[in-house]
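File shown here: run.csv, holding CSV, C-alpha atoms.
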chain,number,residue,atom,x,y,z
K,909,MET,CA,-0.3,31.6,42.9
K,910,MET,CA,0.6,28.0,42.4
K,911,ASN,CA,2.0,26.1,45.4
K,912,SER,CA,4.4,23.2,45.4
K,913,LYS,CA,1.5,20.7,45.7
K,914,ILE,CA,-0.1,21.9,42.4
K,915,ILE,CA,3.3,21.9,40.6
K,916,ALA,CA,4.1,18.4,41.8
K,917,SER,CA,0.7,17.2,40.7
K,918,GLY,CA,1.2,18.8,37.3
K,919,ILE,CA,4.6,17.1,36.9
K,920,LEU,CA,3.2,13.8,37.9
K,921,ARG,CA,0.4,14.0,35.4
K,922,ALA,CA,2.8,15.0,32.6
K,923,LEU,CA,5.1,12.1,33.6
K,924,ILE,CA,2.1,9.7,33.5
K,925,VAL,CA,1.2,10.9,30.0
K,926,VAL,CA,4.7,10.5,28.8
K,927,VAL,CA,5.0,7.0,30.2
K,928,ALA,CA,1.6,6.0,28.8
K,929,THR,CA,2.5,7.4,25.4
K,930,ILE,CA,5.8,5.4,25.4
K,931,LEU,CA,4.0,2.2,26.4
K,932,VAL,CA,1.4,2.7,23.7
K,933,LEU,CA,4.1,3.3,21.0
K,934,PHE,CA,6.0,0.2,22.3
K,935,LEU,CA,2.8,-1.8,22.1
K,936,PHE,CA,2.2,-0.7,18.5
K,937,TYR,CA,5.8,-1.6,17.6
K,938,LYS,CA,5.3,-5.1,19.0
K,939,ILE,CA,2.1,-5.7,17.2
K,940,GLN,CA,3.0,-3.9,13.9
K,941,SER,CA,2.3,-7.0,11.9
K,942,VAL,CA,-1.2,-7.1,13.2
K,943,ILE,CA,-1.7,-3.4,12.4
K,944,ILE,CA,-0.5,-4.0,8.9
K,945,TYR,CA,-2.9,-7.0,8.6
K,946,LEU,CA,-5.8,-4.7,9.7
K,947,ILE,CA,-4.8,-1.9,7.3
K,948,VAL,CA,-4.6,-4.3,4.3
K,949,SER,CA,-7.9,-5.9,5.3
K,950,LEU,CA,-9.5,-2.5,5.5
K,951,ILE,CA,-8.2,-1.7,2.0
K,952,LEU,CA,-9.6,-5.0,0.7
K,953,THR,CA,-12.9,-4.3,2.4
K,954,LEU,CA,-13.1,-0.9,0.7
K,955,ILE,CA,-12.4,-2.6,-2.7
K,956,GLY,CA,-14.8,-5.4,-1.9
K,957,ASN,CA,-17.8,-3.3,-0.8
K,958,PRO,CA,-18.9,-2.4,-4.4
K,959,ILE,CA,-18.4,-6.0,-5.4
K,960,LEU,CA,-20.5,-7.2,-2.4
K,961,ASP,CA,-23.2,-4.6,-3.3
K,962,PHE,CA,-23.2,-5.8,-6.9
K,963,PHE,CA,-23.8,-9.4,-5.8
K,964,LYS,CA,-26.6,-8.4,-3.5
K,965,ARG,CA,-28.4,-5.9,-5.6
K,966,ARG,CA,-27.9,-7.2,-9.2
K,967,LEU,CA,-27.6,-11.0,-8.6
K,968,LYS,CA,-29.9,-11.0,-5.5
K,969,PHE,CA,-27.4,-13.0,-3.3
K,970,LYS,CA,-28.0,-13.3,0.4
K,971,HIS,CA,-25.5,-11.2,2.4
K,972,ILE,CA,-23.5,-14.1,3.7
K,973,PHE,CA,-23.3,-15.8,0.3
K,974,ALA,CA,-22.3,-12.4,-1.3
K,975,THR,CA,-19.6,-12.1,1.3
K,976,ILE,CA,-18.2,-15.6,0.6
K,977,THR,CA,-18.4,-15.0,-3.2
K,978,THR,CA,-16.5,-11.7,-2.8
K,979,LEU,CA,-13.8,-13.4,-0.7
K,980,LEU,CA,-13.5,-16.2,-3.2
K,981,PHE,CA,-13.0,-13.5,-5.9
K,982,PHE,CA,-10.1,-12.1,-3.8
K,983,ILE,CA,-8.7,-15.6,-3.4
K,984,LEU,CA,-8.9,-16.3,-7.1
K,985,ILE,CA,-7.0,-13.0,-7.9
K,986,ILE,CA,-4.3,-13.8,-5.3
K,987,THR,CA,-4.0,-17.4,-6.6
K,988,GLY,CA,-3.6,-16.1,-10.1
K,989,ILE,CA,-0.8,-13.8,-9.0
K,990,ILE,CA,1.0,-16.6,-7.2
K,991,MET,CA,0.6,-19.0,-10.2
K,992,LEU,CA,2.1,-16.3,-12.3
K,993,PHE,CA,5.4,-16.7,-10.4
K,994,ILE,CA,5.4,-20.5,-10.1
K,995,PRO,CA,7.1,-21.1,-13.5
K,996,LEU,CA,9.9,-18.7,-12.5
K,997,ILE,CA,10.3,-20.2,-9.1
K,998,ILE,CA,10.4,-23.8,-10.5
K,999,ASP,CA,12.8,-22.7,-13.1
K,1000,GLN,CA,15.1,-21.2,-10.6
K,1001,GLY,CA,14.6,-23.9,-8.0
K,1002,GLU,CA,15.9,-26.6,-10.3
K,1003,ASN,CA,19.3,-24.8,-10.3
K,1004,LEU,CA,19.5,-23.9,-6.6
K,1005,ALA,CA,21.6,-26.9,-5.7
K,1006,LEU,CA,24.0,-26.1,-8.5
K,1007,LEU,CA,24.0,-22.4,-7.8
K,1008,ASN,CA,27.4,-21.1,-8.8
K,1009,ILE,CA,28.2,-17.7,-7.3
K,1010,THR,CA,31.5,-17.5,-9.2
K,1011,GLU,CA,29.7,-17.9,-12.5
K,1012,ILE,CA,27.1,-15.2,-11.6
K,1013,GLU,CA,29.9,-12.8,-10.7
K,1014,LYS,CA,31.7,-13.7,-13.9
K,1015,ASN,CA,28.6,-12.9,-16.0
K,1016,SER,CA,28.1,-9.7,-14.1
K,1017,LEU,CA,31.7,-8.6,-14.6
K,1018,GLN,CA,31.4,-9.6,-18.3
K,1019,LEU,CA,28.4,-7.2,-18.7
K,1020,LEU,CA,30.4,-4.5,-16.9
K,1021,HIS,CA,33.4,-5.0,-19.2
K,1022,GLN,CA,31.1,-4.7,-22.3
K,1023,ILE,CA,29.8,-1.4,-20.9
K,1024,SER,CA,33.3,-0.2,-20.3
K,1025,VAL,CA,34.4,-1.1,-23.9
K,1026,PHE,CA,31.4,0.8,-25.3
K,1027,LEU,CA,32.1,3.9,-23.2
K,1028,GLU,CA,35.8,3.9,-24.1
K,1029,SER,CA,34.9,3.6,-27.8
K,1030,HIS,CA,33.1,7.0,-27.3
K,1031,ASN,CA,36.1,8.6,-25.6
K,1032,ILE,CA,34.8,8.2,-22.0
K,1033,ASP,CA,37.3,7.0,-19.4
K,1034,ALA,CA,35.3,4.0,-18.1
K,1035,THR,CA,38.2,2.8,-16.0
K,1036,LYS,CA,38.3,6.0,-14.0
K,1037,ILE,CA,34.5,5.8,-13.4
K,1038,ILE,CA,34.6,2.2,-12.2
K,1039,LYS,CA,37.6,2.9,-10.0
K,1040,GLU,CA,36.1,5.9,-8.4
K,1041,GLY,CA,32.8,4.2,-7.9
K,1042,ASN,CA,34.5,1.1,-6.5
K,1043,VAL,CA,32.2,-0.9,-8.6
K,1044,ILE,CA,34.3,-4.1,-8.8
K,1045,SER,CA,34.6,-4.5,-5.1
K,1046,LYS,CA,30.8,-4.3,-4.8
K,1047,PHE,CA,30.3,-7.4,-7.1
K,1048,ASN,CA,30.4,-9.7,-4.1
K,1049,LEU,CA,27.4,-12.0,-4.4
K,1050,GLU,CA,28.0,-14.3,-1.5
K,1051,PHE,CA,24.8,-12.9,0.1
K,1052,ILE,CA,22.7,-14.9,-2.5
K,1053,PRO,CA,22.7,-18.3,-0.7
K,1054,ASN,CA,21.7,-16.6,2.6
K,1055,PHE,CA,19.0,-14.7,0.8
K,1056,LEU,CA,17.7,-17.9,-0.7
K,1057,ASN,CA,17.7,-19.6,2.6
K,1058,SER,CA,15.8,-16.7,4.2
K,1059,LEU,CA,13.3,-16.7,1.3
K,1060,ILE,CA,11.5,-19.8,2.7
K,1061,GLY,CA,10.9,-18.1,6.0
K,1062,ILE,CA,9.6,-15.0,4.2
K,1063,LEU,CA,7.2,-17.1,2.0
K,1064,SER,CA,5.9,-18.9,5.1
K,1065,SER,CA,5.2,-15.6,6.8
K,1066,PHE,CA,3.6,-14.3,3.7
K,1067,GLY,CA,1.3,-17.3,3.6
K,1068,MET,CA,0.3,-16.7,7.2
K,1069,GLY,CA,-0.2,-13.0,6.5
K,1070,ILE,CA,-2.5,-13.7,3.5
K,1071,ALA,CA,-4.6,-16.2,5.6
K,1072,SER,CA,-4.9,-13.6,8.4
K,1073,VAL,CA,-5.8,-10.8,6.1
K,1074,LEU,CA,-8.5,-12.8,4.3
K,1075,PHE,CA,-9.9,-14.0,7.6
K,1076,ILE,CA,-10.2,-10.4,8.9
K,1077,THR,CA,-11.5,-9.1,5.6
K,1078,PHE,CA,-14.3,-11.8,5.7
K,1079,PHE,CA,-15.6,-10.4,9.0
K,1080,PHE,CA,-15.2,-6.8,8.0
K,1081,LEU,CA,-17.4,-7.5,5.0
K,1082,LYS,CA,-19.8,-9.8,6.8
K,1083,ASP,CA,-20.3,-7.7,9.9
K,1084,LYS,CA,-19.8,-4.2,8.6
K,1085,GLN,CA,-23.2,-3.0,9.9
K,1086,LEU,CA,-22.5,-4.6,13.3
K,1087,ILE,CA,-19.1,-2.9,13.5
K,1088,VAL,CA,-20.7,0.5,12.6
K,1089,ASP,CA,-23.4,0.0,15.3
K,1090,GLY,CA,-20.7,-0.8,17.8
K,1091,LEU,CA,-18.7,2.3,16.9
K,1092,LYS,CA,-21.9,4.4,17.3
K,1093,GLN,CA,-21.9,3.5,21.0
K,1094,LEU,CA,-18.4,5.1,21.3
K,1095,ILE,CA,-19.3,8.3,19.4
K,1096,PRO,CA,-20.4,11.4,21.4
K,1097,ASP,CA,-24.0,12.1,20.6
K,1098,ASN,CA,-23.3,15.8,19.7
K,1099,HIS,CA,-20.9,14.6,16.9
K,1100,GLU,CA,-22.6,11.4,15.8
K,1101,SER,CA,-24.1,12.7,12.5
K,1102,GLN,CA,-20.9,14.4,11.5
K,1103,ILE,CA,-18.7,11.3,12.2
K,1104,LEU,CA,-21.1,8.9,10.5
K,1105,ASN,CA,-21.4,11.2,7.4
K,1106,SER,CA,-17.5,11.4,7.3
K,1107,PHE,CA,-17.3,7.6,7.5
K,1108,GLU,CA,-19.8,7.1,4.6
K,1109,LYS,CA,-18.0,9.7,2.4
K,1110,ILE,CA,-14.5,8.3,3.2
K,1111,ASN,CA,-15.8,4.8,2.5
K,1112,HIS,CA,-17.2,5.9,-0.9
K,1113,LEU,CA,-14.2,7.9,-2.0
K,1114,LEU,CA,-11.5,5.5,-0.9
K,1115,SER,CA,-13.4,2.5,-2.5
K,1116,ARG,CA,-13.4,4.4,-5.8
K,1117,TYR,CA,-9.7,5.3,-5.3
K,1118,PHE,CA,-8.5,1.8,-4.7
K,1119,ILE,CA,-10.6,0.3,-7.4
K,1120,GLY,CA,-9.3,2.9,-9.8
K,1121,LEU,CA,-5.7,2.3,-8.6
K,1122,LEU,CA,-6.1,-1.5,-9.4
K,1123,LEU,CA,-7.4,-0.6,-12.8
K,1124,GLN,CA,-4.5,1.6,-13.4
K,1125,LEU,CA,-2.0,-1.0,-12.4
K,1126,PHE,CA,-3.7,-3.6,-14.6
K,1127,ILE,CA,-3.5,-1.3,-17.6
K,1128,VAL,CA,0.2,-0.6,-17.0
K,1129,PHE,CA,0.8,-4.3,-16.5
K,1130,ILE,CA,-0.8,-5.1,-19.9
K,1131,LEU,CA,1.2,-2.4,-21.7
K,1132,TYR,CA,4.5,-3.4,-20.1
K,1133,ALA,CA,3.8,-7.0,-21.0
K,1134,ILE,CA,3.1,-6.1,-24.6
K,1135,VAL,CA,6.4,-4.2,-24.8
K,1136,LEU,CA,8.5,-7.0,-23.3
K,1137,LEU,CA,6.8,-9.8,-25.2
K,1138,PHE,CA,7.2,-7.8,-28.5
K,1139,PHE,CA,11.0,-7.8,-27.9
K,1140,GLY,CA,11.1,-11.4,-26.8
K,1141,ILE,CA,12.3,-10.8,-23.2
K,1142,GLU,CA,12.4,-13.9,-21.0
K,1143,ASN,CA,9.9,-14.0,-18.1
K,1144,ALA,CA,8.1,-11.0,-19.6
K,1145,ILE,CA,4.9,-11.5,-17.7
K,1146,VAL,CA,6.7,-11.6,-14.3
K,1147,ILE,CA,8.9,-8.6,-15.1
K,1148,ALA,CA,5.8,-6.6,-16.3
K,1149,PHE,CA,4.0,-7.5,-13.1
K,1150,LEU,CA,6.8,-6.4,-10.9
K,1151,CYS,CA,7.3,-3.2,-12.8
K,1152,ALA,CA,3.5,-2.5,-12.7
K,1153,ILE,CA,3.5,-3.0,-8.9
K,1154,LEU,CA,6.2,-0.4,-8.6
K,1155,ASN,CA,3.8,2.2,-10.0
K,1156,ILE,CA,2.1,2.2,-6.6
K,1157,ILE,CA,4.9,4.6,-5.7
K,1158,PRO,CA,3.9,7.9,-7.4
K,1159,TYR,CA,6.5,9.4,-9.8
K,1160,ILE,CA,9.5,7.5,-8.4
K,1161,GLY,CA,8.0,4.0,-9.0
K,1162,PRO,CA,7.9,4.2,-12.8
K,1163,LEU,CA,11.6,5.4,-12.8
K,1164,ILE,CA,12.6,2.4,-10.7
K,1165,ALA,CA,10.6,0.1,-13.0
K,1166,SER,CA,12.4,1.4,-16.1
K,1167,VAL,CA,15.8,0.9,-14.4
K,1168,LEU,CA,14.7,-2.6,-13.3
K,1169,ALA,CA,13.6,-3.5,-16.8
K,1170,ALA,CA,16.8,-2.2,-18.3
K,1171,ILE,CA,19.0,-4.2,-15.9
K,1172,LEU,CA,17.0,-7.4,-16.4
K,1173,THR,CA,17.1,-7.0,-20.2
K,1174,MET,CA,20.9,-6.6,-20.2
K,1175,MET,CA,21.4,-9.5,-17.8
K,1176,SER,CA,19.2,-11.7,-20.0
K,1177,SER,CA,21.4,-10.8,-23.1
K,1178,LEU,CA,24.8,-11.7,-21.6
K,1179,GLY,CA,27.1,-13.1,-24.2
K,1180,SER,CA,25.6,-11.0,-27.0
K,1181,ASP,CA,27.5,-8.1,-28.5
K,1182,PHE,CA,26.9,-5.1,-26.3
K,1183,GLN,CA,26.9,-2.3,-28.9
K,1184,THR,CA,24.9,-4.0,-31.7
K,1185,GLN,CA,22.5,-6.2,-29.7
K,1186,VAL,CA,22.3,-5.5,-25.9
K,1187,LEU,CA,22.4,-1.7,-26.0
K,1188,PRO,CA,19.8,-1.3,-28.8
K,1189,LEU,CA,17.5,-3.8,-27.2
K,1190,THR,CA,17.7,-2.0,-23.8
K,1191,ILE,CA,17.0,1.4,-25.4
K,1192,TYR,CA,14.0,0.0,-27.2
K,1193,ILE,CA,12.6,-1.4,-23.9
K,1194,LEU,CA,13.2,1.9,-22.2
K,1195,ILE,CA,11.5,3.8,-25.0
K,1196,GLY,CA,8.5,1.4,-24.7
K,1197,PHE,CA,8.3,1.9,-21.0
K,1198,TRP,CA,8.5,5.6,-21.4
K,1199,VAL,CA,5.6,5.5,-23.9
K,1200,VAL,CA,3.6,3.5,-21.4
K,1201,GLN,CA,4.3,6.1,-18.7
K,1202,ILE,CA,3.2,8.9,-21.1
K,1203,ILE,CA,-0.1,7.1,-21.6
K,1204,ASP,CA,-0.4,6.5,-17.9
K,1205,ASN,CA,0.5,10.0,-16.8
K,1206,ASN,CA,-1.9,11.7,-19.3
K,1207,VAL,CA,-4.8,9.2,-19.2
K,1208,SER,CA,-4.9,6.8,-16.3
K,1209,GLN,CA,-3.6,8.9,-13.4
K,1210,PRO,CA,-5.6,12.1,-14.0
K,1211,LEU,CA,-8.7,10.0,-14.3
K,1212,ILE,CA,-8.1,8.2,-11.0
K,1213,PHE,CA,-6.8,11.0,-8.9
K,1214,SER,CA,-9.1,13.7,-10.1
K,1215,LYS,CA,-12.3,11.8,-10.5
K,1216,SER,CA,-12.1,9.1,-7.7
K,1217,VAL,CA,-11.1,11.4,-4.9
K,1218,SER,CA,-12.4,14.7,-6.3
K,1219,SER,CA,-9.1,16.5,-6.2
K,1220,HIS,CA,-7.2,18.6,-8.7
K,1221,PRO,CA,-4.1,17.0,-10.2
K,1222,LEU,CA,-1.9,19.9,-9.1
K,1223,GLU,CA,-3.3,19.5,-5.6
K,1224,ILE,CA,-2.5,15.8,-5.6
K,1225,PHE,CA,1.0,16.4,-7.0
K,1226,LEU,CA,1.9,18.9,-4.2
K,1227,VAL,CA,0.5,16.6,-1.5
K,1228,ILE,CA,2.5,13.7,-2.8
K,1229,LEU,CA,5.6,15.9,-3.1
K,1230,ILE,CA,5.4,17.2,0.5
K,1231,THR,CA,4.7,13.8,2.1
K,1232,GLY,CA,7.5,12.4,0.1
K,1233,PHE,CA,9.9,14.9,1.5
K,1234,LEU,CA,8.6,14.4,5.1
K,1235,PHE,CA,8.0,10.6,5.2
K,1236,GLY,CA,9.8,9.1,2.2
K,1237,ILE,CA,8.3,6.5,-0.1
K,1238,VAL,CA,5.7,5.3,2.5
K,1239,GLY,CA,4.4,8.8,2.7
K,1240,MET,CA,4.1,9.1,-1.0
K,1241,ILE,CA,2.1,5.8,-1.1
K,1242,ILE,CA,-0.4,6.8,1.6
K,1243,ALA,CA,-0.6,10.5,0.6
K,1244,VAL,CA,-3.7,10.5,-1.5
K,1245,PRO,CA,-5.9,8.3,0.9
K,1246,THR,CA,-4.8,10.2,3.9
K,1247,PHE,CA,-5.4,13.6,2.2
K,1248,THR,CA,-8.8,12.4,1.2
K,1249,ILE,CA,-9.7,11.4,4.7
K,1250,LEU,CA,-8.6,14.7,6.1
K,1251,LYS,CA,-10.6,16.6,3.5
K,1252,VAL,CA,-13.8,14.8,4.3
K,1253,ILE,CA,-13.3,15.3,8.1
K,1254,ALA,CA,-12.5,19.0,7.6
K,1255,LYS,CA,-15.6,19.5,5.5
K,1256,GLU,CA,-17.9,17.8,8.1
K,1257,PHE,CA,-16.5,19.7,11.1
K,1258,PHE,CA,-15.4,23.0,9.6
K,1259,PRO,CA,-17.8,23.6,6.7
K,1260,GLU,CA,-17.7,27.4,7.0
K,1261,ASN,CA,-13.9,27.7,6.9
K,1262,LYS,CA,-12.8,29.5,3.7
K,1263,ILE,CA,-9.7,27.3,3.2
K,1264,VAL,CA,-11.7,24.1,3.8
K,1265,ARG,CA,-14.5,25.2,1.4
K,1266,LEU,CA,-11.8,25.9,-1.2
K,1267,PHE,CA,-10.3,22.4,-1.0
K,1268,THR,CA,-13.5,20.5,-0.5
K,1269,LYS,CA,-15.9,22.2,-3.0
K,1270,ASN,CA,-16.1,19.0,-5.2
K,1271,ILE,CA,-16.7,16.6,-2.3
Could you rewrite the structure in this file as structure tokens?
Amino acid sequence: MMNSKIIASGILRALIVVVATILVLFLFYKIQSVIIYLIVSLILTLIGNPILDFFKRRLKFKHIFATITTLLFFILIITGIIMLFIPLIIDQGENLALLNITEIEKNSLQLLHQISVFLESHNIDATKIIKEGNVISKFNLEFIPNFLNSLIGILSSFGMGIASVLFITFFFLKDKQLIVDGLKQLIPDNHESQILNSFEKINHLLSRYFIGLLLQLFIVFILYAIVLLFFGIENAIVIAFLCAILNIIPYIGPLIASVLAAILTMMSSLGSDFQTQVLPLTIYILIGFWVVQIIDNNVSQPLIFSKSVSSHPLEIFLVILITGFLFGIVGMIIAVPTFTILKVIAKEFFPENKIVRLFTKNI
């Protein structure tokens, strides 16, 4: 029978655990930027490992030289992406001093009026829809100057983040074996082989996944750019890049990309006749984007998800759907890598379990 001393000791231990958990979560909250840097660096390391091995095995580079070359490859890619946006930034920057919020609101309302006229010509009460949706009152664009002022701070933080990520990635690539040897010292001897095997399989599968994902985004970007350039849309390359990046979000991302492309197309055609020019052009762009999505959904995604992480497409779909309901967009983005990690760990530690064997038979 428990006495008061044992009960008090149990309560004290529970209280210490709760306080320690709260302190750890608070610490993670305070250093969330550092955690994000580490995660991004780890992803770049997974992508960079095959590149590093290529330089070492095929081109016979020394390890340090191969590491530097891999990092320079990343820097070249990042620089190319930044250079892609410079013409747009310069073009907009020339007009920042003359930014006329009233004119922007006028143009937006003009587009809204054109849509209303089109709807009313098809016996749809646009006035009622606009009134009920309180659309007019939401066309308050006074936030734009504040946004532009804060953009400088965001860009400076982004620059520091890029530098930090590249610095961490360099040492992850350079000292990979040293890090693994250090982790071995922390691994219990009775589970060392299982944990090390899990690490190797996870590294292999996730490297294939992230490289495949980059290839998929590149293909989608090229196809989007072809559609936009064919119809003469301004800043087609930048818009295609933004829409391609949104494809990182499974299933929802392409829908958002289509809506974004439609809005930007209509905004770039202000002043033209809505029914004969703006609407047909927008429909053509949407059709082009949907064709790209059909190609992506039936060719690129099955190849990446099925082959790179050895999972059935239906299995991946259900995992993304469940994590989306539980954790939102972030959950959908990290669903496939997390599921892959759990599968590998489950196979190493519970190889005889029937459910584990069913889900991991291809790993």
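The environment of Phe982 (chain K) within 9 Å, counting only C-alpha atoms and disregarding residues fewer than 4 places along the same chain, consists of Leu952, Gly956, Thr977, Thr978, Ile986, Thr987 and Leu1074 of chain K.
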Next item on the list: Provide the CA of Phe1149 (chain K) to CA of Phe1078 (chain K) distance in Å, to one decimal place.
Entry: 26.6 Å
Checklist line | Spatial neighbours of Phe1080 (chain K), max dist 12 Å, all atoms listed in the file, sep filter under 2 positions, as a ChimeraX atom specification | finding: /K:946-957,960,972,975-976,978-979,1073-1078,1082-1088
Notebook entry, point to check: Between K:Ala1148, K:His1099, K:Met1175, K:Leu1113, which one has atoms that come closest to Asn1270 (chain K), using all atoms listed in the file?
Noted result: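 Closest candidate: K:Leu1113.
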Note to self: Show me, as a list in words, the residues that have an atom within 12 Å of Lys1269 (chain K) when counting all atoms listed in the file, minus same-chain residues fewer than 2 positions from it.
What the structure shows: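 Counting all atoms listed in the file, the residues come to Val1217, Ser1218, Ser1219, His1220, Lys1251, Val1252, Ala1254, Lys1255, Pro1259, Glu1260, Asn1261, Lys1262, Ile1263, Val1264, Arg1265, Leu1266, Phe1267 and Ile1271 of chain K.
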Convert the current residue selection to file output with C-alpha atoms, as an mmCIF file, keeping the file's coordinate frame.
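Below is the file that was written, selection-v5.cif:
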data_model
loop_
_atom_site.group_PDB
_atom_site.id
_atom_site.type_symbol
_atom_site.label_atom_id
_atom_site.label_comp_id
_atom_site.auth_asym_id
_atom_site.auth_seq_id
_atom_site.Cartn_x
_atom_site.Cartn_y
_atom_site.Cartn_z
ATOM 1 C CA VAL K 1217 -11.100 11.400 -4.900
ATOM 2 C CA SER K 1218 -12.400 14.700 -6.300
ATOM 3 C CA SER K 1219 -9.100 16.500 -6.200
ATOM 4 C CA HIS K 1220 -7.200 18.600 -8.700
ATOM 5 C CA LYS K 1251 -10.600 16.600 3.500
ATOM 6 C CA VAL K 1252 -13.800 14.800 4.300
ATOM 7 C CA ALA K 1254 -12.500 19.000 7.600
ATOM 8 C CA LYS K 1255 -15.600 19.500 5.500
ATOM 9 C CA PRO K 1259 -17.800 23.600 6.700
ATOM 10 C CA GLU K 1260 -17.700 27.400 7.000
ATOM 11 C CA ASN K 1261 -13.900 27.700 6.900
ATOM 12 C CA LYS K 1262 -12.800 29.500 3.700
ATOM 13 C CA ILE K 1263 -9.700 27.300 3.200
ATOM 14 C CA VAL K 1264 -11.700 24.100 3.800
ATOM 15 C CA ARG K 1265 -14.500 25.200 1.400
ATOM 16 C CA LEU K 1266 -11.800 25.900 -1.200
ATOM 17 C CA PHE K 1267 -10.300 22.400 -1.000
ATOM 18 C CA ILE K 1271 -16.700 16.600 -2.300
#
Quick one: 3 Å padding each side, axis-aligned, all listed atoms of region 947-957 of chain K - centre and edge lengths in Å to one decimal, as lines of an AutoDock Vina configuration file?
center_x = -11.2
center_y = -3.4
center_z = 2.3
size_x = 19.2
size_y = 11.0
size_z = 16.0
Check: Between CA of Gln1201 (chain K) and CA of Ala1152 (chain K), what is the spacing in Å?
Finding: 10.5 Å
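Across the structure, CA of Val1186 (chain K) and CA of Ala1133 (chain K) are spaced 19.2 Å apart.
Counting all atoms listed in the file and comparing K:Ile1242, K:Ile1164, K:Ile989, K:Ile1228, the residue that lies closest to Ile1145 (chain K) is K:Ile989.
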Residues of region 1101-1164 of chain K at most 10 Å from region 1193-1196 of chain K: nearest atom pair and distance in Å, only C-alpha atoms, as a tab-separated table:
residue	atom	partner	partner_atom	distance
K:Leu1131	CA	K:Gly1196	CA	8.8
K:Tyr1132	CA	K:Gly1196	CA	7.8
K:Ile1134	CA	K:Gly1196	CA	9.2
K:Val1135	CA	K:Gly1196	CA	6.0
K:Leu1136	CA	K:Ile1193	CA	7.0
K:Phe1138	CA	K:Ile1193	CA	9.6
K:Phe1139	CA	K:Ile1193	CA	7.7
K:Ile1141	CA	K:Ile1193	CA	9.4
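Counting only C-alpha atoms, the residue from K:Gly1236, K:Leu1081, K:Ile990, K:Ile1095 that sits nearest to Gly1067 (chain K) is K:Ile990.
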Next item on the list: Point out the residue among K:Glu1223, K:Glu1256, K:Asp1204, K:Asp1181 with the least atom-to-atom distance to Phe1129 (chain K), counting only C-alpha atoms.
Entry: K:Asp1204
